[in-house]
$ cat entry27.csv   # CSV, C-alpha atoms
chain,number,residue,atom,x,y,z
A,1,MET,CA,15.4,-118.3,32.1
A,2,LEU,CA,16.4,-122.0,31.8
A,3,TRP,CA,19.2,-121.6,34.3
A,4,CYS,CA,16.6,-120.4,36.9
A,5,ALA,CA,14.6,-123.6,36.3
A,6,ALA,CA,17.7,-125.6,36.9
A,7,LEU,CA,18.1,-124.0,40.3
A,8,LEU,CA,14.5,-124.6,41.4
A,9,PRO,CA,14.9,-128.1,42.8
A,10,ILE,CA,18.0,-127.0,44.7
A,11,VAL,CA,16.5,-123.9,46.4
A,12,PRO,CA,13.9,-125.6,48.6
A,13,ALA,CA,16.5,-128.1,49.7
A,14,MET,CA,18.9,-125.4,50.6
A,15,LEU,CA,16.2,-123.5,52.6
A,16,PHE,CA,15.2,-126.7,54.5
A,17,ALA,CA,18.8,-127.5,55.2
A,18,GLN,CA,19.3,-124.1,56.6
A,19,SER,CA,16.2,-124.4,58.8
A,20,ALA,CA,17.2,-127.8,60.1
A,21,ALA,CA,20.7,-126.6,60.8
A,22,SER,CA,19.8,-123.3,62.5
A,23,PRO,CA,16.3,-122.9,63.6
A,24,PRO,CA,15.0,-119.3,64.0
A,25,ASP,CA,15.8,-117.5,67.2
A,26,LEU,CA,12.6,-116.7,69.2
A,27,THR,CA,14.6,-114.9,71.9
A,28,GLY,CA,13.1,-111.5,72.8
A,29,VAL,CA,10.3,-109.9,74.7
A,30,TRP,CA,6.9,-110.2,73.0
A,31,GLY,CA,3.8,-108.2,73.7
A,32,ILE,CA,0.3,-109.4,73.2
A,33,TYR,CA,-0.9,-108.5,69.6
A,34,ARG,CA,-4.6,-108.2,68.9
A,35,GLY,CA,-4.5,-107.1,65.3
A,36,GLY,CA,-7.3,-104.7,64.7
A,37,PRO,CA,-8.9,-103.1,61.7
A,38,ALA,CA,-5.8,-101.4,60.5
A,39,SER,CA,-3.5,-104.4,60.9
A,40,ASP,CA,-2.2,-106.7,58.3
A,41,PRO,CA,-4.8,-109.6,58.0
A,42,LYS,CA,-2.1,-112.2,57.6
A,43,PHE,CA,-0.7,-111.4,61.1
A,44,ARG,CA,-4.0,-111.5,62.9
A,45,PRO,CA,-4.6,-114.6,65.0
A,46,PRO,CA,-7.2,-116.9,63.6
A,47,ALA,CA,-10.4,-117.4,65.5
A,48,PRO,CA,-10.4,-120.1,68.2
A,49,SER,CA,-12.3,-123.3,67.7
A,50,LEU,CA,-15.3,-124.0,69.8
A,51,LEU,CA,-14.8,-125.2,73.3
A,52,VAL,CA,-17.1,-128.2,73.8
A,53,LEU,CA,-17.2,-129.9,77.1
A,54,LYS,CA,-18.7,-133.3,77.7
A,55,PRO,CA,-22.3,-132.9,79.1
A,56,GLU,CA,-21.4,-133.9,82.7
A,57,TYR,CA,-18.7,-131.1,82.7
A,58,ASP,CA,-20.6,-128.6,80.6
A,59,LYS,CA,-23.5,-128.4,83.0
A,60,PRO,CA,-21.6,-127.1,86.0
A,61,TYR,CA,-19.4,-125.0,83.7
A,62,GLN,CA,-22.4,-123.2,82.2
A,63,ALA,CA,-24.0,-122.8,85.7
A,64,ARG,CA,-20.8,-121.1,87.0
A,65,ARG,CA,-20.8,-118.8,84.0
A,66,ALA,CA,-24.4,-117.9,84.7
A,67,GLU,CA,-23.5,-117.2,88.4
A,68,GLU,CA,-20.7,-115.0,87.3
A,69,ALA,CA,-23.0,-113.0,85.0
A,70,GLU,CA,-25.5,-112.6,87.7
A,71,ALA,CA,-22.9,-111.4,90.2
A,72,ALA,CA,-21.6,-109.0,87.6
A,73,LYS,CA,-25.1,-107.5,87.3
A,74,ARG,CA,-25.0,-106.9,91.1
A,75,GLY,CA,-21.5,-105.2,90.7
A,76,GLU,CA,-19.8,-108.2,92.3
A,77,GLN,CA,-17.0,-110.4,91.2
A,78,LEU,CA,-16.9,-114.1,92.2
A,79,ALA,CA,-13.7,-115.5,93.6
A,80,ASN,CA,-11.0,-116.4,91.1
A,81,THR,CA,-7.4,-117.6,91.5
A,82,SER,CA,-5.7,-114.4,90.6
A,83,ALA,CA,-7.6,-112.4,93.3
A,84,GLU,CA,-5.6,-114.5,95.7
A,85,CYS,CA,-2.3,-114.0,93.9
A,86,ILE,CA,-2.3,-117.5,92.6
A,87,PRO,CA,-0.5,-117.7,89.2
A,88,TYR,CA,-2.0,-119.0,86.0
A,89,GLY,CA,0.2,-121.8,84.9
A,90,VAL,CA,0.2,-123.4,81.4
A,91,PRO,CA,-1.3,-122.5,79.0
A,92,VAL,CA,-3.2,-119.5,80.4
A,93,MET,CA,0.0,-117.6,81.4
A,94,MET,CA,0.7,-117.1,77.7
A,95,SER,CA,-2.1,-114.6,77.3
A,96,ILE,CA,-2.7,-112.4,80.4
A,97,ALA,CA,-4.2,-109.0,79.5
A,98,ILE,CA,-1.4,-106.9,77.9
A,99,TYR,CA,1.5,-108.3,79.9
A,100,PRO,CA,4.4,-109.3,77.6
A,101,VAL,CA,6.1,-112.7,77.5
A,102,GLU,CA,9.9,-113.3,77.2
A,103,PHE,CA,11.4,-116.1,75.2
A,104,ILE,CA,15.0,-117.1,76.0
A,105,GLN,CA,16.2,-119.7,73.5
A,106,THR,CA,19.3,-121.9,73.7
A,107,PRO,CA,19.9,-125.0,71.6
A,108,LYS,CA,18.7,-127.3,74.4
A,109,GLN,CA,16.0,-125.3,76.1
A,110,VAL,CA,13.6,-122.5,75.5
A,111,THR,CA,12.6,-120.7,78.7
A,112,ILE,CA,9.4,-118.6,78.7
A,113,ILE,CA,8.7,-116.0,81.3
A,114,SER,CA,5.4,-114.1,81.6
A,115,GLU,CA,5.5,-110.7,83.1
A,116,ALA,CA,2.2,-111.3,84.8
A,117,PHE,CA,3.1,-113.1,88.1
A,118,SER,CA,6.7,-113.6,86.8
A,119,GLU,CA,5.8,-117.1,85.8
A,120,VAL,CA,8.5,-119.3,84.3
A,121,ARG,CA,8.2,-122.4,82.1
A,122,ARG,CA,11.0,-124.4,80.5
A,123,VAL,CA,10.7,-126.3,77.3
A,124,TYR,CA,13.4,-129.0,76.9
A,125,LEU,CA,14.6,-129.6,73.4
A,126,ASP,CA,17.0,-132.5,74.2
A,127,LYS,CA,14.7,-134.9,76.2
A,128,PRO,CA,11.9,-137.2,75.4
A,129,GLN,CA,8.5,-136.5,77.0
A,130,ALA,CA,7.8,-138.4,80.2
A,131,LYS,CA,4.7,-140.5,80.8
A,132,ILE,CA,1.9,-138.5,82.4
A,133,ASP,CA,2.0,-140.8,85.5
A,134,ASP,CA,5.6,-140.0,86.0
A,135,VAL,CA,5.1,-136.2,86.1
A,136,ALA,CA,4.5,-134.5,89.5
A,137,PRO,CA,1.3,-132.5,88.8
A,138,GLY,CA,2.0,-128.7,88.9
A,139,TYR,CA,1.3,-125.3,87.4
A,140,TYR,CA,3.7,-125.7,84.5
A,141,GLY,CA,3.8,-129.5,83.9
A,142,HIS,CA,6.7,-131.0,81.9
A,143,SER,CA,7.3,-129.5,78.5
A,144,VAL,CA,9.5,-130.9,75.7
A,145,GLY,CA,9.9,-129.4,72.2
A,146,HIS,CA,11.4,-130.0,68.8
A,147,TRP,CA,11.7,-128.0,65.6
A,148,GLU,CA,9.7,-128.8,62.6
A,149,GLY,CA,11.2,-126.5,60.0
A,150,ASP,CA,10.7,-123.0,61.5
A,151,THR,CA,8.0,-124.1,64.0
A,152,LEU,CA,8.7,-125.0,67.6
A,153,VAL,CA,6.4,-127.8,68.5
A,154,VAL,CA,5.9,-128.1,72.3
A,155,ASP,CA,4.2,-130.9,74.2
A,156,THR,CA,3.1,-130.3,77.8
A,157,ILE,CA,1.6,-132.8,80.3
A,158,GLY,CA,1.2,-132.9,84.0
A,159,ILE,CA,-0.8,-129.8,84.8
A,160,LYS,CA,-2.8,-130.2,88.0
A,161,PRO,CA,-6.6,-129.9,87.8
A,162,THR,CA,-6.7,-126.9,90.2
A,163,VAL,CA,-4.8,-124.7,87.8
A,164,SER,CA,-6.8,-122.1,85.9
A,165,GLY,CA,-8.0,-123.5,82.6
A,166,TYR,CA,-8.5,-121.9,79.2
A,167,ARG,CA,-11.7,-119.8,79.4
A,168,GLY,CA,-12.2,-121.3,82.9
A,169,MET,CA,-12.6,-124.8,81.6
A,170,PRO,CA,-12.1,-127.7,84.0
A,171,HIS,CA,-9.5,-130.2,83.1
A,172,SER,CA,-8.3,-133.6,84.2
A,173,PRO,CA,-4.8,-134.9,84.9
A,174,GLN,CA,-4.9,-136.3,81.3
A,175,MET,CA,-4.9,-132.9,79.7
A,176,ARG,CA,-2.2,-132.5,77.1
A,177,VAL,CA,-1.3,-129.1,75.6
A,178,THR,CA,0.4,-128.9,72.2
A,179,GLU,CA,1.8,-125.6,70.9
A,180,ARG,CA,3.0,-124.7,67.5
A,181,ILE,CA,5.1,-121.6,67.9
A,182,HIS,CA,6.5,-119.7,64.9
A,183,MET,CA,7.4,-116.2,63.7
A,184,LEU,CA,5.3,-115.0,60.8
A,185,SER,CA,7.7,-112.1,60.4
A,186,PRO,CA,10.7,-110.8,62.5
A,187,GLU,CA,8.1,-108.8,64.5
A,188,ILE,CA,5.1,-111.2,64.8
A,189,LEU,CA,4.9,-114.5,66.6
A,190,HIS,CA,2.0,-116.9,66.8
A,191,ASP,CA,1.5,-119.5,69.5
A,192,GLN,CA,-1.2,-121.9,68.3
A,193,ILE,CA,-2.3,-123.8,71.4
A,194,THR,CA,-4.3,-127.0,71.2
A,195,ILE,CA,-5.8,-128.5,74.4
A,196,ASP,CA,-6.7,-132.2,74.3
A,197,ASP,CA,-8.5,-133.6,77.3
A,198,PRO,CA,-10.3,-136.8,76.5
A,199,VAL,CA,-11.9,-136.8,80.0
A,200,VAL,CA,-13.5,-133.4,79.9
A,201,LEU,CA,-13.6,-132.3,76.2
A,202,GLU,CA,-15.7,-133.7,73.4
A,203,LYS,CA,-12.9,-132.7,71.0
A,204,PRO,CA,-9.7,-130.8,71.3
A,205,VAL,CA,-9.9,-127.0,71.3
A,206,THR,CA,-7.4,-124.8,69.4
A,207,TYR,CA,-6.7,-121.1,69.9
A,208,THR,CA,-3.9,-118.8,68.8
A,209,VAL,CA,-2.1,-116.2,70.9
A,210,ALA,CA,-0.4,-113.6,68.7
A,211,PHE,CA,2.5,-111.5,69.8
A,212,LYS,CA,4.4,-108.5,68.5
A,213,ARG,CA,8.0,-107.9,69.5
A,214,MET,CA,8.2,-105.1,72.1
A,215,ALA,CA,9.7,-102.0,70.7
A,216,GLY,CA,12.9,-100.3,71.8
A,217,ASP,CA,15.0,-101.7,74.6
A,218,TYR,CA,12.0,-103.0,76.7
A,219,GLU,CA,13.0,-104.6,80.0
A,220,MET,CA,10.6,-107.0,81.6
A,221,VAL,CA,9.1,-105.6,84.9
A,222,GLU,CA,9.1,-107.8,88.0
A,223,PHE,CA,5.8,-108.9,89.4
A,224,VAL,CA,5.7,-109.9,93.0
A,225,CYS,CA,2.1,-109.9,94.3
A,226,ASP,CA,3.1,-107.9,97.3
A,227,ASN,CA,0.3,-105.3,97.6
A,228,ASN,CA,-2.8,-107.4,96.9
A,229,ARG,CA,-5.8,-105.4,98.1
A,230,GLU,CA,-8.2,-108.1,97.1
A,231,TYR,CA,-9.7,-110.7,99.4
A,232,VAL,CA,-12.5,-113.2,99.1
A,233,ASP,CA,-15.3,-112.7,101.7
A,234,GLU,CA,-17.4,-115.5,103.3
A,235,LYS,CA,-19.9,-115.4,100.4
A,236,GLY,CA,-17.1,-116.0,97.8
A,237,ILE,CA,-17.2,-112.4,96.6
A,238,VAL,CA,-14.0,-110.5,95.8
A,239,ARG,CA,-13.7,-107.4,97.9
A,240,LEU,CA,-11.2,-104.6,97.9
A,241,LYS,CA,-9.3,-103.5,101.0
A,242,LEU,CA,-9.1,-99.7,101.2
A,243,HIS,CA,-6.7,-97.7,103.3
A,244,ASN,CA,-9.2,-95.7,105.2
A,245,GLN,CA,-7.7,-93.5,107.9
B,246,MET,CA,-8.4,-117.6,40.4
B,247,LYS,CA,-10.8,-114.7,40.1
B,248,ILE,CA,-13.4,-116.3,42.3
B,249,LEU,CA,-10.9,-117.0,45.1
B,250,GLN,CA,-9.7,-113.4,44.9
B,251,ALA,CA,-13.3,-112.1,45.1
B,252,LEU,CA,-13.8,-114.2,48.3
B,253,ARG,CA,-10.8,-112.8,50.1
B,254,PRO,CA,-11.7,-109.2,50.8
B,255,GLU,CA,-14.8,-107.5,52.2
B,256,VAL,CA,-17.1,-110.3,53.3
B,257,CYS,CA,-14.5,-112.8,54.4
B,258,GLY,CA,-12.3,-110.1,55.6
B,259,ALA,CA,-15.0,-108.6,57.8
B,260,ALA,CA,-15.9,-112.0,59.2
B,261,LEU,CA,-12.3,-112.9,60.0
B,262,LEU,CA,-11.8,-109.5,61.6
B,263,ILE,CA,-14.8,-109.9,63.9
B,264,ALA,CA,-13.7,-113.4,64.7
B,265,GLY,CA,-10.2,-112.3,65.1
B,266,ILE,CA,-11.1,-109.6,67.6
B,267,PHE,CA,-13.2,-112.0,69.7
B,268,GLY,CA,-10.7,-114.8,69.1
B,269,ALA,CA,-7.8,-112.6,70.2
B,270,ALA,CA,-9.7,-111.2,73.1
B,271,SER,CA,-11.1,-114.4,74.5
B,272,PRO,CA,-8.0,-116.0,75.8
B,273,ALA,CA,-6.4,-112.8,77.0
B,274,LEU,CA,-7.6,-112.5,80.7
B,275,ALA,CA,-7.6,-109.3,82.8
B,276,HIS,CA,-6.2,-109.6,86.2
B,277,HIS,CA,-9.6,-108.9,87.7
B,278,SER,CA,-12.8,-107.6,86.3
B,279,PHE,CA,-14.1,-104.1,86.6
B,280,THR,CA,-17.4,-105.0,88.1
B,281,MET,CA,-16.5,-103.3,91.5
B,282,PHE,CA,-16.2,-99.9,89.7
B,283,ASP,CA,-19.0,-97.9,88.1
B,284,MET,CA,-17.3,-97.4,84.7
B,285,THR,CA,-20.2,-95.2,83.6
B,286,LYS,CA,-19.6,-92.6,86.3
B,287,ARG,CA,-16.8,-90.1,86.7
B,288,LEU,CA,-15.8,-88.2,89.8
B,289,THR,CA,-13.2,-85.5,90.2
B,290,LEU,CA,-11.0,-85.6,93.3
B,291,VAL,CA,-8.6,-82.8,94.2
B,292,GLY,CA,-6.3,-83.5,97.1
B,293,THR,CA,-2.9,-84.3,98.6
B,294,ILE,CA,-1.2,-87.6,98.2
B,295,THR,CA,-0.3,-89.6,101.3
B,296,SER,CA,1.3,-92.4,99.4
B,297,PHE,CA,2.0,-93.7,95.9
B,298,GLU,CA,2.3,-97.4,95.9
B,299,TRP,CA,4.2,-98.7,92.8
B,300,THR,CA,3.3,-102.3,93.3
B,301,ASN,CA,1.8,-105.4,91.7
B,302,PRO,CA,-0.9,-106.4,91.1
B,303,HIS,CA,-2.0,-102.8,91.1
B,304,ALA,CA,-0.4,-99.4,91.9
B,305,TYR,CA,-2.4,-97.3,94.3
B,306,ILE,CA,-2.7,-93.6,95.0
B,307,GLU,CA,-3.7,-92.8,98.6
B,308,ILE,CA,-5.1,-89.3,98.7
B,309,ASP,CA,-6.7,-87.0,101.2
B,310,VAL,CA,-9.5,-85.0,99.7
B,311,ALA,CA,-11.1,-82.0,101.4
B,312,ASP,CA,-14.7,-81.2,100.7
B,313,GLU,CA,-16.2,-77.7,100.4
B,314,LYS,CA,-16.5,-77.5,104.2
B,315,GLY,CA,-12.9,-78.5,104.8
B,316,ALA,CA,-13.6,-82.0,106.1
B,317,VAL,CA,-11.0,-84.4,104.9
B,318,LYS,CA,-11.9,-87.8,103.5
B,319,HIS,CA,-9.3,-90.4,102.5
B,320,TRP,CA,-9.6,-92.2,99.2
B,321,SER,CA,-7.8,-95.3,97.8
B,322,ILE,CA,-7.5,-95.1,94.0
B,323,GLU,CA,-6.5,-98.2,92.0
B,324,LEU,CA,-4.3,-97.9,88.9
B,325,GLY,CA,-3.0,-100.5,86.5
B,326,SER,CA,0.1,-102.5,87.2
B,327,PRO,CA,3.6,-100.9,86.9
B,328,SER,CA,4.1,-102.6,83.6
B,329,ILE,CA,0.9,-101.3,82.2
B,330,LEU,CA,1.4,-97.8,83.7
B,331,MET,CA,4.9,-97.4,82.2
B,332,GLN,CA,3.3,-97.7,78.8
B,333,SER,CA,1.5,-94.4,79.3
B,334,GLY,CA,4.3,-92.4,80.8
B,335,TRP,CA,4.2,-93.3,84.5
B,336,LYS,CA,7.4,-93.9,86.5
B,337,PHE,CA,7.7,-95.1,90.1
B,338,ASN,CA,8.7,-91.6,91.1
B,339,SER,CA,6.2,-89.6,89.0
B,340,ILE,CA,4.4,-88.5,92.1
B,341,LYS,CA,5.1,-88.7,95.9
B,342,ALA,CA,3.5,-88.1,99.3
B,343,GLY,CA,2.7,-84.4,99.6
B,344,ASP,CA,2.0,-83.7,95.9
B,345,LYS,CA,-1.3,-82.1,95.1
B,346,LEU,CA,-3.2,-83.9,92.3
B,347,THR,CA,-6.5,-83.7,90.4
B,348,LEU,CA,-7.8,-87.2,89.8
B,349,ILE,CA,-10.7,-88.3,87.6
B,350,ILE,CA,-11.9,-91.7,88.8
B,351,ASN,CA,-14.6,-94.3,88.2
B,352,PRO,CA,-16.0,-94.6,91.8
B,353,MET,CA,-16.7,-97.9,93.5
B,354,LYS,CA,-20.3,-99.1,93.2
B,355,SER,CA,-20.4,-99.8,96.9
B,356,GLY,CA,-20.1,-96.1,97.7
B,357,GLN,CA,-16.8,-96.7,99.6
B,358,ALA,CA,-14.1,-94.1,99.3
B,359,GLY,CA,-12.3,-95.8,96.4
B,360,GLY,CA,-12.2,-95.9,92.7
B,361,PHE,CA,-10.3,-96.7,89.5
B,362,LEU,CA,-8.2,-94.1,87.9
B,363,SER,CA,-9.2,-92.5,84.7
B,364,THR,CA,-6.7,-89.6,84.5
B,365,ALA,CA,-4.3,-87.8,86.9
B,366,THR,CA,-3.1,-84.2,86.5
B,367,LEU,CA,0.3,-84.0,88.0
B,368,PRO,CA,1.8,-81.0,89.9
B,369,ASP,CA,3.7,-80.0,86.7
B,370,GLY,CA,0.5,-80.0,84.7
B,371,ARG,CA,1.0,-83.2,82.8
B,372,VAL,CA,-2.1,-85.4,82.5
B,373,LEU,CA,-1.4,-89.1,82.6
B,374,SER,CA,-4.0,-91.8,81.9
B,375,ASN,CA,-4.3,-95.2,83.5
B,376,GLY,CA,-2.3,-97.3,80.9
B,377,PRO,CA,-3.8,-98.4,77.6
B,378,ARG,CA,-7.5,-99.2,77.4
B,379,GLN,CA,-8.5,-100.9,80.6
B,380,GLU,CA,-11.9,-102.0,79.6
B,381,PRO,CA,-12.4,-105.7,79.8
B,382,PRO,CA,-12.5,-107.6,76.4
B,383,PRO,CA,-16.0,-108.3,75.0
B,384,ALA,CA,-17.4,-111.7,75.9
B,385,PRO,CA,-16.8,-113.8,72.8
B,386,PRO,CA,-19.8,-115.6,71.2
B,387,GLN,CA,-19.8,-119.3,71.8
B,388,LYS,CA,-22.1,-120.3,68.9
$ encode --input "entry27.csv" --output "C-alpha cells"
Amino acid sequence: MLWCAALLPIVPAMLFAQSAASPPDLTGVWGIYRGGPASDPKFRPPAPSLLVLKPEYDKPYQARRAEEAEAAKRGEQLANTSAECIPYGVPVMMSIAIYPVEFIQTPKQVTIISEAFSEVRRVYLDKPQAKIDDVAPGYYGHSVGHWEGDTLVVDTIGIKPTVSGYRGMPHSPQMRVTERIHMLSPEILHDQITIDDPVVLEKPVTYTVAFKRMAGDYEMVEFVCDNNREYVDEKGIVRLKLHNQ
Amino acid sequence: MKILQALRPEVCGAALLIAGIFGAASPALAHHSFTMFDMTKRLTLVGTITSFEWTNPHAYIEIDVADEKGAVKHWSIELGSPSILMQSGWKFNSIKAGDKLTLIINPMKSGQAGGFLSTATLPDGRVLSNGPRQEPPPAPPQK
C-alpha cells in the first residue's frame, strides 16, 4: 500500500490541473429539477435563505402580497409583467415553471437561453466586469464569469428596477447577482444564486435552482408571445379574452 | 462518527425534504396563476373544434358545444404552452378544426364560456392531459 501513499499528493494536483486546463462543459438543455421524496438527497436543491427587506421596502412589499392574497380569494389575479408578455430578465428567467434552460458554452462565453419567453443572456469569460454606472440598465445586465475549479462563478450588474425580482422583491440599480453554477453529476446542475442589494435588502438572499439534463434529443421550443389572451383591466385585474362568436 | 450518521436520515432528511420542496418551488414561477379557474369543479364538454391554436403563452382549443336542445355555445379552452404540452404527448397537429372532442375542463369562476383543460379525448380515442401537474406551487413559509 505504500506506493498508493506516494501517489496521494500527486493525485489532487493532477485533478486540479485538469480542471484548470479544461473546465467542465455545461452545454446542453436542462429542465427544472425539483427533487421529491424518491430523489437522491444530495441532488436536491438546498432551501433558500430568508428574504429580508429593509423596513421601508418591506412594508409596501407585504401590503402588495396581502392585496394579491385578497384578490385570489375573489378569484382575481392582480396585474403582473408576464400577463403583458414582458419577459423576466435576470435572475428570474432561470426558474420559470417547468420551462427548460439551454447552456451553450465556448471558451470565451457562456450563452444561456430560457425557453420561457426565449430570453437570452450572455456571460463573458474574457472580460472584466464594468462599473455599475457604466452599464445601461436592462433586463439582463452585464454578466462576466470565471471558473473556480469546476464551478462557473458569474457576476451580473445593471438590471433595471422595473424588471421582475426574485419572489416579487423590489430592487435598486445597485443590485448585484452572483451565481455559482456547477454540475453535481453529468445529469444534475445547480445554479446557486445570491442577490445582494444594499439599498433594499437587510442581507443578501441565496437560493438554488436545480436542473436535470433533458432526456433524449430534446429541442428547445420557440416562445413568441403571439397569442396572449390576457389583458389588464382598469382596476389592475388580469382578464382573459375569449373568442366568443 | 456514529452521532453524525444518526443525525443524517429521518429527522434531518424530512426537514430538508420539506425545505427542499418549498425551496425548489418558491423561485419557480408559473406564467400566470389559476385564480381565474375553479380548480375544484369539472365540466364535460362535447363538441366540434373550430380552431386549435398551438401558440405561446398558451395553446387554445376553440370549440362549439351543443346543449341538449341543440343550441350551440362557443367555448375557449386554455391549455399549457406548446413546450409543456409536448411533454404529455400533444403535437401541433394532434387535433384540427372539424374534429369532434370530449373535453374535461375546470370552468372559469366568472361563468364565462371558458376554462382550463384537464383532459381531452381525441377522435382516435386517445386521452391526453394538459401537460404535467399544472397546479401552482405551494406558497413557501417565510418564517
$ interface_residues --input "entry27.csv" --of "chain A" --to "chain B" --cutoff "6 Å" --atoms "all atoms listed in the file" --output "list in words"
Arg34, Pro46, Ala47, Pro48, Ala72, Gly75, Glu76, Ser95, Ile96, Ala97, Val221, Phe223, Cys225, Leu242 and Asn244 of chain A
$ closest_residue --input "entry27.csv" --among "A:Asp197, A:Val120, A:Pro204, A:Met93" --to "Val163 in chain A" --atoms "all atoms listed in the file"
A:Met93
$ residues_around --input "entry27.csv" --residues "His142 in chain A" --least-positions-apart "4" --cutoff "12 Å" --atoms "all atoms listed in the file" --output "ChimeraX atom specification"
/A:89-90,121-125,127-138,154-160,175-178
$ write_last_selection --input "entry27.csv" --atoms "C-alpha atoms" --output "compact mmCIF listing (two decimals), in the coordinates of the input"
# COMPACT_ATOMS: atom_id res chain seq x y z
CA GLY A 89 0.20 -121.80 84.90
CA VAL A 90 0.20 -123.40 81.40
CA ARG A 121 8.20 -122.40 82.10
CA ARG A 122 11.00 -124.40 80.50
CA VAL A 123 10.70 -126.30 77.30
CA TYR A 124 13.40 -129.00 76.90
CA LEU A 125 14.60 -129.60 73.40
CA LYS A 127 14.70 -134.90 76.20
CA PRO A 128 11.90 -137.20 75.40
CA GLN A 129 8.50 -136.50 77.00
CA ALA A 130 7.80 -138.40 80.20
CA LYS A 131 4.70 -140.50 80.80
CA ILE A 132 1.90 -138.50 82.40
CA ASP A 133 2.00 -140.80 85.50
CA ASP A 134 5.60 -140.00 86.00
CA VAL A 135 5.10 -136.20 86.10
CA ALA A 136 4.50 -134.50 89.50
CA PRO A 137 1.30 -132.50 88.80
CA GLY A 138 2.00 -128.70 88.90
CA VAL A 154 5.90 -128.10 72.30
CA ASP A 155 4.20 -130.90 74.20
CA THR A 156 3.10 -130.30 77.80
CA ILE A 157 1.60 -132.80 80.30
CA GLY A 158 1.20 -132.90 84.00
CA ILE A 159 -0.80 -129.80 84.80
CA LYS A 160 -2.80 -130.20 88.00
CA MET A 175 -4.90 -132.90 79.70
CA ARG A 176 -2.20 -132.50 77.10
CA VAL A 177 -1.30 -129.10 75.60
CA THR A 178 0.40 -128.90 72.20
$ atom_distance --input "entry27.csv" --atom1 "CA of Ala342 in chain B" --atom2 "CA of Gly376 in chain B"
21.4 Å
$ atom_distance --input "entry27.csv" --atom1 "CA of Leu51 in chain A" --atom2 "CA of Tyr207 in chain A"
9.7 Å
$ atom_distance --input "entry27.csv" --atom1 "CA of Phe117 in chain A" --atom2 "CA of Phe43 in chain A"
27.3 Å
$ residues_around --input "entry27.csv" --residues "Leu348 in chain B" --least-positions-apart "5" --cutoff "10 Å" --atoms "all atoms listed in the file" --output "list in words"
Arg287, Leu288, Thr289, Leu290, Val291, Gly292, Ile306, Ile308, Ile322, Phe361, Leu362, Ser363, Thr364, Ala365, Thr366, Leu367, Val372, Leu373 and Ser374 of chain B
$ residues_around --input "entry27.csv" --residues "Gln192 in chain A" --least-positions-apart "6" --cutoff "8 Å" --atoms "all atoms listed in the file" --output "ChimeraX atom specification"
/A:179-181,206-209
$ residues_around --input "entry27.csv" --residues "range 78-82 of chain A" --least-positions-apart "6" --cutoff "7 Å" --atoms "all atoms listed in the file" --output "list in words"
Glu68, Ala71, Val232, Gly236, Ile237 and Val238 of chain A; His276 of chain B
$ closest_residue --input "entry27.csv" --among "A:Gly168, A:Ile98, A:Asp25, A:Val199" --to "Ala116 in chain A" --atoms "all atoms listed in the file"
A:Ile98
